[in-house]
file upload-v9.cif (mmCIF, C-alpha atoms)
data_target
#
loop_
_atom_site.label_atom_id
_atom_site.label_comp_id
_atom_site.auth_asym_id
_atom_site.auth_seq_id
_atom_site.Cartn_x
_atom_site.Cartn_y
_atom_site.Cartn_z
CA MET D 1 103.18 103.30 38.59
CA ARG D 2 99.69 104.49 37.63
CA ILE D 3 96.77 102.18 36.95
CA ALA D 4 93.43 103.22 35.49
CA TYR D 5 90.72 100.98 36.96
CA ILE D 6 87.50 101.14 34.90
CA CYS D 7 84.05 99.98 35.99
CA ALA D 8 81.44 101.24 33.54
CA ASP D 9 78.74 98.82 34.69
CA PRO D 10 75.73 100.81 36.02
CA GLY D 11 74.78 97.82 38.15
CA ILE D 12 77.95 98.00 40.24
CA PRO D 13 78.18 100.70 42.92
CA VAL D 14 81.95 100.69 43.30
CA PHE D 15 81.80 101.91 46.90
CA GLY D 16 78.69 99.91 47.71
CA GLN D 17 78.14 96.72 49.71
CA LYS D 18 77.48 94.15 46.99
CA GLY D 19 79.94 91.34 46.36
CA CYS D 20 80.95 92.92 43.06
CA SER D 21 81.57 96.20 44.89
CA ILE D 22 83.83 94.49 47.41
CA HIS D 23 85.73 92.87 44.55
CA VAL D 24 86.49 96.27 43.02
CA GLN D 25 87.51 97.76 46.36
CA GLU D 26 89.77 94.90 47.35
CA VAL D 27 91.74 94.86 44.10
CA ILE D 28 92.30 98.61 44.37
CA ARG D 29 93.22 98.27 48.05
CA ALA D 30 95.79 95.57 47.31
CA TRP D 31 97.45 97.67 44.62
CA LEU D 32 97.57 100.69 46.92
CA LYS D 33 99.42 98.57 49.48
CA LEU D 34 102.09 98.00 46.82
CA GLY D 35 102.58 101.73 46.46
CA ILE D 36 100.71 101.97 43.15
CA GLN D 37 98.60 105.00 42.27
CA VAL D 38 95.15 103.83 41.18
CA GLU D 39 92.59 106.11 39.58
CA LEU D 40 89.01 104.89 39.34
CA PHE D 41 86.73 105.56 36.37
CA ALA D 42 83.21 104.51 37.29
CA THR D 43 79.59 104.95 36.22
CA ARG D 44 78.03 104.32 39.63
CA ILE D 45 79.80 105.39 42.81
CA GLY D 46 77.44 104.09 45.48
CA GLY D 47 78.21 106.40 48.38
CA GLU D 48 81.31 107.48 50.26
CA PRO D 49 84.47 105.40 49.90
CA PRO D 50 85.85 103.42 52.84
CA PRO D 51 88.35 105.49 54.84
CA ASP D 52 91.39 103.70 53.41
CA LEU D 53 90.19 104.42 49.85
CA ALA D 54 89.25 108.03 50.48
CA ASP D 55 92.33 109.35 48.67
CA VAL D 56 91.69 107.38 45.46
CA ILE D 57 90.99 109.77 42.59
CA VAL D 58 87.55 109.02 41.16
CA HIS D 59 86.43 110.07 37.68
CA CYS D 60 82.65 109.88 37.39
CA LEU D 61 81.34 108.61 34.06
CA PRO D 62 77.86 109.61 32.86
CA SER D 63 75.06 107.91 34.76
CA ILE D 64 72.69 105.70 32.80
CA PRO D 65 69.13 107.04 33.08
CA LYS D 66 66.28 104.78 34.05
CA GLY D 67 63.71 104.09 31.38
CA GLU D 68 63.35 102.06 28.22
CA ILE D 69 65.96 99.35 27.72
CA ALA D 70 66.92 100.52 24.22
CA ALA D 71 67.56 104.06 25.46
CA ARG D 72 69.68 102.76 28.33
CA GLU D 73 71.73 100.67 25.93
CA GLN D 74 72.40 103.67 23.71
CA ALA D 75 73.32 105.85 26.70
CA ALA D 76 75.78 103.25 27.95
CA LEU D 77 77.31 102.97 24.49
CA SER D 78 77.62 106.74 24.17
CA ALA D 79 79.56 106.86 27.45
CA ASN D 80 82.55 105.33 25.61
CA LEU D 81 83.43 108.74 24.24
CA ASP D 82 83.29 110.30 27.72
CA LEU D 83 85.56 107.57 29.03
CA ARG D 84 88.05 108.11 26.21
CA ILE D 85 88.22 111.83 26.92
CA ALA D 86 88.65 111.21 30.65
CA LEU D 87 91.51 108.78 30.05
CA GLU D 88 93.30 111.11 27.67
CA ASN D 89 92.90 114.12 29.96
CA ASN D 90 94.46 112.49 33.01
CA GLY D 91 98.04 111.81 32.09
CA ILE D 92 99.92 108.65 31.26
CA PHE D 93 98.92 105.33 32.76
CA ASN D 94 101.07 102.21 32.90
CA LEU D 95 98.14 99.79 32.90
CA VAL D 96 94.43 99.90 32.12
CA TYR D 97 92.38 97.40 34.11
CA GLU D 98 88.68 97.10 33.35
CA ARG D 99 85.85 95.06 34.78
CA TYR D 100 83.97 93.93 31.68
CA SER D 101 80.59 95.59 31.23
CA LEU D 102 78.09 95.09 28.46
CA TRP D 103 78.67 98.20 26.32
CA SER D 104 82.15 99.43 27.28
CA PHE D 105 85.08 98.97 24.90
CA THR D 106 87.06 102.21 25.14
CA GLY D 107 89.37 101.14 27.96
CA MET D 108 90.96 98.33 25.98
CA ASP D 109 91.05 100.44 22.80
CA TYR D 110 92.83 103.20 24.68
CA ALA D 111 95.41 100.82 26.17
CA LYS D 112 96.13 99.34 22.77
CA SER D 113 96.55 102.73 21.12
CA MET D 114 98.94 103.84 23.87
CA GLY D 115 101.02 100.67 23.71
CA ILE D 116 100.35 99.73 27.33
CA PRO D 117 98.78 96.61 28.84
CA GLY D 118 95.01 96.43 28.88
CA ILE D 119 93.63 93.72 31.17
CA LEU D 120 89.95 92.83 31.08
CA GLU D 121 88.33 91.07 34.02
CA VAL D 122 85.27 88.96 33.13
CA ASN D 123 83.03 87.81 35.96
CA ALA D 124 79.97 86.55 34.11
CA PRO D 125 78.53 85.90 30.64
CA LEU D 126 76.87 89.30 30.74
CA ILE D 127 75.01 89.01 27.46
CA GLU D 128 73.27 85.84 28.62
CA GLU D 129 72.56 87.32 32.05
CA GLN D 130 71.15 90.53 30.61
CA ALA D 131 68.92 88.74 28.13
CA LYS D 132 67.60 86.33 30.78
CA HIS D 133 67.16 88.55 33.82
CA ARG D 134 66.94 92.20 32.75
CA GLY D 135 66.17 92.40 29.05
CA LEU D 136 68.38 93.02 26.02
CA VAL D 137 67.12 94.80 22.92
CA ASN D 138 70.15 94.75 20.67
CA ARG D 139 71.90 91.47 21.34
CA ARG D 140 73.82 91.51 18.06
CA LEU D 141 75.50 94.77 18.96
CA ALA D 142 76.29 93.53 22.45
CA GLU D 143 78.01 90.55 20.82
CA GLN D 144 79.95 92.92 18.60
CA VAL D 145 81.14 94.93 21.60
CA ALA D 146 82.18 91.71 23.36
CA GLN D 147 84.10 90.54 20.30
CA GLN D 148 85.88 93.88 20.03
CA VAL D 149 86.83 94.17 23.68
CA PHE D 150 87.90 90.53 23.96
CA SER D 151 90.02 90.88 20.82
CA THR D 152 91.62 94.14 21.90
CA ALA D 153 92.53 93.24 25.48
CA SER D 154 96.14 92.28 26.09
CA ALA D 155 94.98 89.67 28.59
CA ILE D 156 91.62 88.50 29.92
CA ILE D 157 91.00 87.40 33.50
CA ALA D 158 88.23 84.85 34.01
CA VAL D 159 87.03 84.23 37.57
CA SER D 160 86.32 80.54 36.87
CA GLU D 161 87.03 77.80 34.35
CA GLU D 162 83.41 78.06 33.24
CA ILE D 163 83.88 81.74 32.38
CA LYS D 164 87.13 80.89 30.57
CA THR D 165 85.23 78.37 28.46
CA TYR D 166 82.61 81.00 27.66
CA ILE D 167 85.21 83.60 26.63
CA GLU D 168 86.98 81.10 24.40
CA THR D 169 83.87 80.75 22.26
CA TYR D 170 84.95 84.09 20.77
CA PRO D 171 87.57 83.79 18.01
CA GLY D 172 91.22 84.45 18.70
CA VAL D 173 91.25 84.88 22.48
CA SER D 174 92.18 81.47 23.92
CA LYS D 175 95.88 82.14 24.45
CA ARG D 176 95.19 85.33 26.42
CA VAL D 177 92.75 84.03 29.03
CA TYR D 178 93.89 83.42 32.62
CA VAL D 179 91.75 81.98 35.41
CA ILE D 180 92.02 83.88 38.69
CA ALA D 181 89.28 83.10 41.19
CA ASN D 182 87.97 85.53 43.75
CA GLY D 183 89.88 86.15 46.95
CA VAL D 184 89.50 87.57 50.41
CA ASN D 185 91.40 89.79 52.79
CA PRO D 186 92.13 87.43 55.71
CA ASP D 187 93.25 90.34 57.87
CA ARG D 188 89.58 91.27 58.24
CA PHE D 189 89.14 88.05 60.22
CA SER D 190 92.50 87.92 62.00
CA VAL D 191 91.62 89.45 65.38
CA ASP D 192 91.81 86.61 67.91
CA ILE D 193 90.88 84.17 65.17
CA GLU D 194 92.49 81.20 66.94
CA SER D 195 90.67 82.02 70.16
CA ALA D 196 87.41 82.39 68.28
CA LEU D 197 87.88 79.00 66.65
CA SER D 198 88.24 77.36 70.04
CA ILE D 199 84.84 78.63 71.19
CA GLN D 200 81.79 76.61 70.21
CA PRO D 201 78.89 79.04 69.50
CA GLU D 202 75.84 78.24 71.57
CA PRO D 203 73.38 77.26 70.25
CA PHE D 204 74.40 75.40 67.07
CA THR D 205 73.95 78.11 64.42
CA VAL D 206 73.71 77.46 60.69
CA GLY D 207 74.58 80.61 58.76
CA PHE D 208 74.20 81.98 55.25
CA VAL D 209 75.55 85.23 53.80
CA GLY D 210 74.43 86.74 50.52
CA THR D 211 71.75 88.35 48.43
CA LEU D 212 68.52 86.41 48.79
CA LYS D 213 67.96 85.24 45.23
CA PRO D 214 66.51 82.03 43.75
CA TRP D 215 69.81 80.61 42.52
CA HIS D 216 71.30 80.61 46.04
CA GLY D 217 69.27 77.56 47.07
CA LEU D 218 67.65 79.08 50.13
CA SER D 219 64.57 76.85 49.94
CA VAL D 220 66.93 73.86 50.10
CA LEU D 221 68.55 75.39 53.18
CA VAL D 222 65.17 75.88 54.90
CA GLU D 223 64.14 72.30 54.24
CA ALA D 224 67.45 70.94 55.51
CA PHE D 225 67.39 73.13 58.59
CA ASP D 226 63.82 72.04 59.35
CA THR D 227 64.98 68.42 59.37
CA LEU D 228 67.89 69.29 61.66
CA HIS D 229 65.80 71.38 64.05
CA GLN D 230 63.15 68.71 64.47
CA LYS D 231 65.88 66.50 65.96
CA TYR D 232 67.84 69.15 67.85
CA GLU D 233 65.97 72.07 69.33
CA ASN D 234 69.12 74.02 70.23
CA THR D 235 69.75 74.84 66.58
CA ARG D 236 69.34 78.28 65.01
CA LEU D 237 69.38 79.75 61.50
CA LEU D 238 71.17 83.05 60.78
CA ILE D 239 70.56 84.66 57.39
CA VAL D 240 72.78 87.65 56.61
CA GLY D 241 71.63 89.76 53.68
CA ASP D 242 68.49 90.82 51.91
CA GLY D 243 66.91 90.41 48.52
CA PRO D 244 63.84 89.50 46.46
CA GLU D 245 63.42 86.06 48.03
CA ARG D 246 63.03 87.34 51.58
CA ASP D 247 59.21 87.34 51.60
CA ASN D 248 59.10 83.80 50.22
CA LEU D 249 61.61 82.71 52.86
CA VAL D 250 59.58 84.26 55.67
CA THR D 251 56.44 82.53 54.39
CA GLU D 252 58.16 79.16 54.19
CA LEU D 253 59.82 79.50 57.60
CA SER D 254 56.52 80.55 59.12
CA ALA D 255 54.72 77.55 57.61
CA ARG D 256 57.38 75.28 59.16
CA GLU D 257 57.19 77.16 62.50
CA LEU D 258 60.84 78.14 62.26
CA LEU D 259 60.60 81.92 62.38
CA GLU D 260 61.31 82.06 66.11
CA VAL D 261 64.63 80.27 65.64
CA THR D 262 65.65 82.25 62.53
CA HIS D 263 67.30 85.65 62.52
CA PHE D 264 67.38 87.90 59.44
CA THR D 265 69.94 90.68 59.66
CA GLY D 266 68.86 92.40 56.45
CA ALA D 267 71.48 94.17 54.35
CA VAL D 268 74.69 94.82 56.29
CA THR D 269 77.93 96.70 55.68
CA PRO D 270 81.07 94.70 54.83
CA ASP D 271 82.75 95.62 58.11
CA THR D 272 80.02 93.82 60.08
CA ILE D 273 80.43 90.52 58.24
CA PRO D 274 83.32 89.18 60.40
CA LYS D 275 81.33 89.70 63.62
CA LEU D 276 78.30 87.98 62.15
CA LEU D 277 80.35 85.05 60.89
CA ALA D 278 81.74 84.66 64.41
CA LYS D 279 78.19 83.92 65.58
CA MET D 280 77.92 80.92 63.24
CA THR D 281 78.84 77.33 63.97
CA VAL D 282 78.78 76.32 60.31
CA ALA D 283 78.31 78.32 57.10
CA VAL D 284 76.52 77.06 54.02
CA ALA D 285 76.40 77.67 50.27
CA PRO D 286 73.49 75.40 49.23
CA TYR D 287 73.38 76.11 45.50
CA PRO D 288 70.80 74.13 43.50
CA HIS D 289 71.79 72.31 40.34
CA GLN D 290 72.64 74.72 37.53
CA SER D 291 74.00 73.65 34.16
CA ASP D 292 75.73 77.02 33.73
CA PHE D 293 77.16 77.58 37.22
CA TYR D 294 80.02 79.97 36.54
CA PHE D 295 80.30 81.84 39.86
CA SER D 296 83.31 82.37 42.07
CA PRO D 297 81.29 82.82 45.28
CA LEU D 298 82.84 85.52 47.45
CA LYS D 299 80.82 84.36 50.45
CA VAL D 300 82.58 81.00 50.52
CA TYR D 301 86.02 82.62 50.57
CA GLU D 302 84.88 84.77 53.50
CA TYR D 303 83.48 81.74 55.33
CA MET D 304 86.81 80.00 54.95
CA ALA D 305 88.87 83.05 55.94
CA ALA D 306 86.80 83.25 59.13
CA GLY D 307 87.81 79.69 60.00
CA LEU D 308 84.32 78.27 59.71
CA PRO D 309 83.48 74.74 58.60
CA VAL D 310 81.80 75.18 55.22
CA VAL D 311 79.12 73.02 53.66
CA ALA D 312 78.69 73.79 49.96
CA SER D 313 77.18 72.25 46.88
CA ARG D 314 79.48 70.11 44.76
CA ILE D 315 79.22 72.37 41.75
CA GLY D 316 81.42 74.51 39.51
CA GLN D 317 84.48 76.12 41.06
CA LEU D 318 83.50 74.97 44.56
CA ARG D 319 84.57 71.44 43.63
CA GLU D 320 88.13 72.74 43.26
CA LEU D 321 88.20 75.18 46.16
CA ILE D 322 86.84 72.74 48.73
CA GLU D 323 88.49 69.37 49.29
CA ASP D 324 85.73 67.26 50.74
CA GLU D 325 86.39 66.37 54.40
CA ILE D 326 89.76 68.20 54.27
CA ASN D 327 88.91 71.91 54.32
CA GLY D 328 85.13 71.70 54.04
CA LEU D 329 82.24 69.46 53.10
CA LEU D 330 80.46 69.03 49.78
CA CYS D 331 76.89 67.93 49.09
CA PRO D 332 74.99 67.16 45.90
CA PRO D 333 73.40 70.38 44.55
CA GLY D 334 69.80 70.88 45.61
CA ASP D 335 69.76 67.86 47.94
CA ALA D 336 68.15 68.96 51.21
CA VAL D 337 68.38 65.47 52.71
CA ALA D 338 72.14 65.29 52.13
CA LEU D 339 72.58 68.83 53.46
CA ALA D 340 70.67 68.02 56.64
CA ALA D 341 72.72 64.86 57.16
CA THR D 342 75.97 66.77 56.71
CA LEU D 343 74.91 69.44 59.18
CA GLU D 344 74.02 66.70 61.64
CA ARG D 345 77.52 65.24 61.31
CA LEU D 346 78.97 68.59 62.30
CA TYR D 347 76.48 68.91 65.16
CA HIS D 348 77.82 65.66 66.64
CA ASN D 349 81.49 66.41 65.88
CA PRO D 350 82.35 69.98 66.94
CA GLU D 351 86.10 69.26 67.12
CA TRP D 352 86.06 67.99 63.55
CA GLY D 353 84.27 71.16 62.53
CA LYS D 354 87.03 73.25 64.12
CA GLN D 355 89.68 71.25 62.25
CA LEU D 356 87.86 71.81 58.95
CA GLY D 357 87.65 75.51 59.74
CA LYS D 358 91.35 75.82 60.48
CA ALA D 359 92.21 74.00 57.24
CA ALA D 360 89.83 76.27 55.33
CA ARG D 361 91.55 79.40 56.69
CA GLN D 362 94.96 78.01 55.78
CA THR D 363 93.74 77.39 52.24
CA ILE D 364 92.77 81.04 51.95
CA GLN D 365 95.98 82.35 53.48
CA HIS D 366 98.15 80.28 51.16
CA HIS D 367 96.24 80.58 47.88
CA HIS D 368 93.39 83.10 47.80
CA THR D 369 94.31 86.51 49.20
CA TRP D 370 93.65 89.75 47.34
CA ASP D 371 97.30 90.68 47.86
CA ALA D 372 98.41 87.58 45.97
CA ILE D 373 95.84 88.23 43.25
CA ALA D 374 97.02 91.83 42.80
CA LYS D 375 100.61 90.64 42.36
CA ARG D 376 99.54 87.95 39.91
CA LEU D 377 97.74 90.55 37.81
CA LEU D 378 100.94 92.58 37.65
CA GLU D 379 102.84 89.46 36.58
CA ILE D 380 100.40 88.88 33.74
CA ALA D 381 100.90 92.50 32.69
CA GLY D 382 104.68 92.01 32.74
CA MET D 383 105.07 94.28 35.76
CA ALA D 384 106.23 91.78 38.36
CA GLY D 385 109.42 93.78 38.90
CA GLY D 386 107.49 96.17 41.07
CA VAL D 387 106.92 99.87 41.24
CA GLU D 388 110.60 100.77 41.12
CA GLU D 389 111.01 99.33 37.63
CA MET D 390 107.92 100.96 36.19
CA GLY D 391 109.23 104.41 35.35
CA LYS D 392 109.73 103.56 31.71
CA ILE D 393 106.78 101.31 31.14
CA GLY D 394 104.37 103.99 30.02
CA GLU D 395 106.91 105.26 27.51
CA ILE D 396 108.32 102.15 25.90
CA GLY D 397 105.41 99.70 26.15
CA GLU D 398 107.14 96.87 28.02
CA ILE D 399 104.54 94.15 28.45
CA GLY D 400 106.37 90.93 29.27
CA GLU D 401 104.09 87.94 29.52
CA ILE D 402 101.34 89.40 27.36
CA GLY D 403 103.60 90.37 24.46
CA LYS D 404 104.87 93.54 22.87
CA MET D 405 101.75 95.59 22.58
CA GLY D 406 103.78 98.61 21.57
CA GLU D 407 103.78 97.30 18.03
CA MET D 408 100.02 96.88 18.15
CA GLY D 409 99.64 100.50 19.16
CA GLU D 410 100.81 101.78 15.75
CA ILE D 411 97.26 102.62 14.79
CA GLY D 412 97.61 105.60 17.15
CA LYS D 413 95.17 107.47 19.29
CA MET D 414 93.35 109.30 16.52
CA GLY D 415 92.86 106.09 14.61
CA GLU D 416 91.23 104.45 17.56
CA ILE D 417 88.99 107.45 18.23
CA GLY D 418 87.91 107.37 14.62
CA LYS D 419 87.23 103.70 14.85
CA MET D 420 85.17 104.28 17.96
CA GLY D 421 83.23 107.04 16.28
CA GLU D 422 82.44 104.84 13.32
CA MET D 423 81.25 102.12 15.67
CA LYS D 424 79.03 104.54 17.59
CA GLN D 425 77.53 105.80 14.34
CA TYR D 426 76.89 102.26 13.20
CA PHE D 427 75.19 101.42 16.48
CA SER D 428 73.05 104.55 16.27
CA ASN D 429 71.88 103.70 12.76
CA ASP D 430 71.29 100.02 13.44
CA LYS D 431 67.66 99.08 13.99
#

call {"tool": "encode", "arguments": {"input": "upload-v9.cif", "output": "C-alpha cells"}}
result
Amino acid sequence: MRIAYICADPGIPVFGQKGCSIHVQEVIRAWLKLGIQVELFATRIGGEPPPDLADVIVHCLPSIPKGEIAAREQAALSANLDLRIALENNGIFNLVYERYSLWSFTGMDYAKSMGIPGILEVNAPLIEEQAKHRGLVNRRLAEQVAQQVFSTASAIIAVSEEIKTYIETYPGVSKRVYVIANGVNPDRFSVDIESALSIQPEPFTVGFVGTLKPWHGLSVLVEAFDTLHQKYENTRLLIVGDGPERDNLVTELSARELLEVTHFTGAVTPDTIPKLLAKMTVAVAPYPHQSDFYFSPLKVYEYMAAGLPVVASRIGQLRELIEDEINGLLCPPGDAVALAATLERLYHNPEWGKQLGKAARQTIQHHHTWDAIAKRLLEIAGMAGGVEEMGKIGEIGEIGEIGKMGEMGEIGKMGEIGKMGEMKQYFSNDK
C-alpha cells in the first residue's frame, strides 16, 4: 500500500519540533509500523528527519518566498501545479492524505481524478487564523479554495467538535466529516513509567510545555503559582518551550520575585520532553476563556501519557478528554484563584495526584494512541483490511466507508488539470 502524505503549509516544518510537526511525523510513523509505504510531499522540511523516518521518500514542493503577503499567496497557489506534477510522476498511490493548508487543493483533486480516497485533515479555521494573526489579502479566493477542497475530499478529519462545526458551515460536507482528536505515542513515556509514578519529585514542581503565546494563559499560571509559592516555599515552576511571550513572562516573574524558583528550558527537541515531564509534579494547561477554542492540545495528551496529574481549563475538547477528579482536574478558564486552589489540593494529596496520573495514562493507552488513529484513518478510507488486501485498491477504486469514488473520477486527469489551470488563471486575474 502506498500513501501520499501532503503538507503544503509553509508554516509547518514537517521534521521540525512544533506540535504540528510532531503530528505529521507521528501519523507517518504509525503507518510505517503497519508496513505501509508513505511518501511525503512538503513545502517546508525543517531539518533532518528523525532516524526512524530517514527512509521516507520526501518530495520537496516550492518554498514560499518571504515578502509581501499578496505575492506569498500567489506563490502558494502556483505550487498546486508543481504538486500535481509530482504526484503524477511518482507512480500509483492507494490513498492521498493531506493536512489542509490555505491555498492547496491539488491533492484532493488528484485523488478524485484517480478514483482513490482523498482524506483531508483540518486542524484549525485557517482563514480566520490567517486574517487575524498574519494577514490575508485575498480572503474571497481563500474561501473558494476551502470550498473546493472540502467538496472534493472523500472524507474530512476534524481534530475537534469545534472544527467539525466550522467545516460544516460549507455546503455539502456534513456527512463526510469525522472527529479524530490528537494522540500520543505512549511508548515514548514507557521506560520505568510505574517506578517514576511512585516517586514524588522534590520540590513540588508545576510544569508547562508549549509555545509561549498569549492564548496559552501563562499570565494566569504565574498569578496562580505566586499564590501557591507564598504559602509553600518548596514549590517550583518549570516552563518548557519558547515564544513571543517569554520577555513578558520574565518581567512578570521578576516583579513577583519568582525568577529564582522558575526554570525556562527554552525550545527543546521532542525526545527531551519525557525527561522534562518526569521532573514535574503536576502539569498545567491554563487556557484563558476563548469563545472560539478549537484546539486539540498535544501537550495535554503528552502530560497524560507521562502519568502526570493534569490541571486544565474547562474549555473545548478538554472537557471531554478530562473527567474531572477521575483522570485529571478542571478549572474555570482564566481563573487564577481556582487554579491556585487546585494546585494546593494536589500539594496536600500526593497519593491522589499519582492516582489521577495513572488514570490519565490509561485513558491515553486505551483511546488516544497514534497507532489507533492511523488504523481509524484506514477504516474511514475503506482500507481496514490491511496491507495484504490493498493490491487492487489503486486499480479499482475500492473506497468502502467513504463511497465509490471511482465513479466520481470519470472527469479524468486531464479534466482536473484543466480545471486547476482555469482556477489559477482566475486567481491571477482577480484583483

call {"tool": "closest_atom_pairs", "arguments": {"input": "upload-v9.cif", "of": "segment 196-315 of chain D", "to": "segment 356-380 of chain D", "cutoff": "7 Å", "atoms": "all atoms listed in the file", "output": "tab-separated table"}}
result
residue	atom	partner	partner_atom	distance
D:Met304	CA	D:Ala360	CA	4.8
D:Ala305	CA	D:Arg361	CA	4.6
D:Ala306	CA	D:Arg361	CA	6.6
D:Gly307	CA	D:Gly357	CA	4.2
D:Leu308	CA	D:Gly357	CA	4.3
D:Pro309	CA	D:Gly357	CA	4.4

call {"tool": "residues_around", "arguments": {"input": "upload-v9.cif", "residues": "Glu168 of chain D", "least_positions_apart": "6", "cutoff": "9 Å", "atoms": "only C-alpha atoms", "output": "ChimeraX atom specification"}}
result
/D:174-175,177

call {"tool": "atom_distance", "arguments": {"input": "upload-v9.cif", "atom1": "atom CA of His289 of chain D", "atom2": "atom CA of Glu223 of chain D"}}
result
15.9 Å

call {"tool": "closest_residue", "arguments": {"input": "upload-v9.cif", "among": "D:Gln144, D:Thr205, D:Gln130, D:Thr165", "to": "Asp292 of chain D", "atoms": "all atoms listed in the file"}}
result
D:Thr165

call {"tool": "closest_residue", "arguments": {"input": "upload-v9.cif", "among": "D:Leu95, D:Phe15, D:Leu141, D:Leu277", "to": "Gln74 of chain D", "atoms": "all atoms listed in the file"}}
result
D:Leu141

call {"tool": "resolve_selection", "arguments": {"input": "upload-v9.cif", "expression": "the PyMOL selection byres ((chain D and resi 10) around 9)", "output": "list of chain:residue names"}}
result
D:Cys7, D:Ala8, D:Asp9, D:Gly11, D:Ile12, D:Pro13, D:Ala42, D:Thr43, D:Arg44, D:Ser63, D:Ile64, D:Ala76, D:Ser101

call {"tool": "axis_aligned_box", "arguments": {"input": "upload-v9.cif", "around": "segment 354-364 of chain D", "padding_each_side": "5 Å", "output": "lines of an AutoDock Vina configuration file"}}
result
center_x = 91.0
center_y = 76.1
center_z = 58.0
size_x = 17.9
size_y = 19.8
size_z = 22.2

call {"tool": "resolve_selection", "arguments": {"input": "upload-v9.cif", "expression": "the PyMOL selection byres ((chain D and resi 234) around 9)", "output": "PyMOL selection string"}}
result
chain D and resi 202-205+229+232-233+235-236+261

call {"tool": "resolve_selection", "arguments": {"input": "upload-v9.cif", "expression": "the PyMOL selection byres ((chain D and resi 343) around 9)", "output": "PDB file with C-alpha atoms, in the frame of the given file"}}
result
ATOM      1  CA  VAL D 206      73.710  77.460  60.690  1.00  0.00           C
ATOM      2  CA  ALA D 224      67.450  70.940  55.510  1.00  0.00           C
ATOM      3  CA  PHE D 225      67.390  73.130  58.590  1.00  0.00           C
ATOM      4  CA  LEU D 228      67.890  69.290  61.660  1.00  0.00           C
ATOM      5  CA  VAL D 282      78.780  76.320  60.310  1.00  0.00           C
ATOM      6  CA  VAL D 311      79.120  73.020  53.660  1.00  0.00           C
ATOM      7  CA  ALA D 338      72.140  65.290  52.130  1.00  0.00           C
ATOM      8  CA  LEU D 339      72.580  68.830  53.460  1.00  0.00           C
ATOM      9  CA  ALA D 340      70.670  68.020  56.640  1.00  0.00           C
ATOM     10  CA  ALA D 341      72.720  64.860  57.160  1.00  0.00           C
ATOM     11  CA  THR D 342      75.970  66.770  56.710  1.00  0.00           C
ATOM     12  CA  GLU D 344      74.020  66.700  61.640  1.00  0.00           C
ATOM     13  CA  ARG D 345      77.520  65.240  61.310  1.00  0.00           C
ATOM     14  CA  LEU D 346      78.970  68.590  62.300  1.00  0.00           C
ATOM     15  CA  TYR D 347      76.480  68.910  65.160  1.00  0.00           C
ATOM     16  CA  HIS D 348      77.820  65.660  66.640  1.00  0.00           C
TER      17      HIS D 348
END

call {"tool": "atom_distance", "arguments": {"input": "upload-v9.cif", "atom1": "atom CA of Val96 of chain D", "atom2": "atom CA of Tyr110 of chain D"}}
result
8.3 Å

call {"tool": "atom_distance", "arguments": {"input": "upload-v9.cif", "atom1": "atom CA of Glu161 of chain D", "atom2": "atom CA of Tyr287 of chain D"}}
result
17.7 Å

call {"tool": "closest_residue", "arguments": {"input": "upload-v9.cif", "among": "D:Asp335, D:Leu318, D:Arg2, D:Gly19", "to": "Gly35 of chain D", "atoms": "only C-alpha atoms"}}
result
D:Arg2
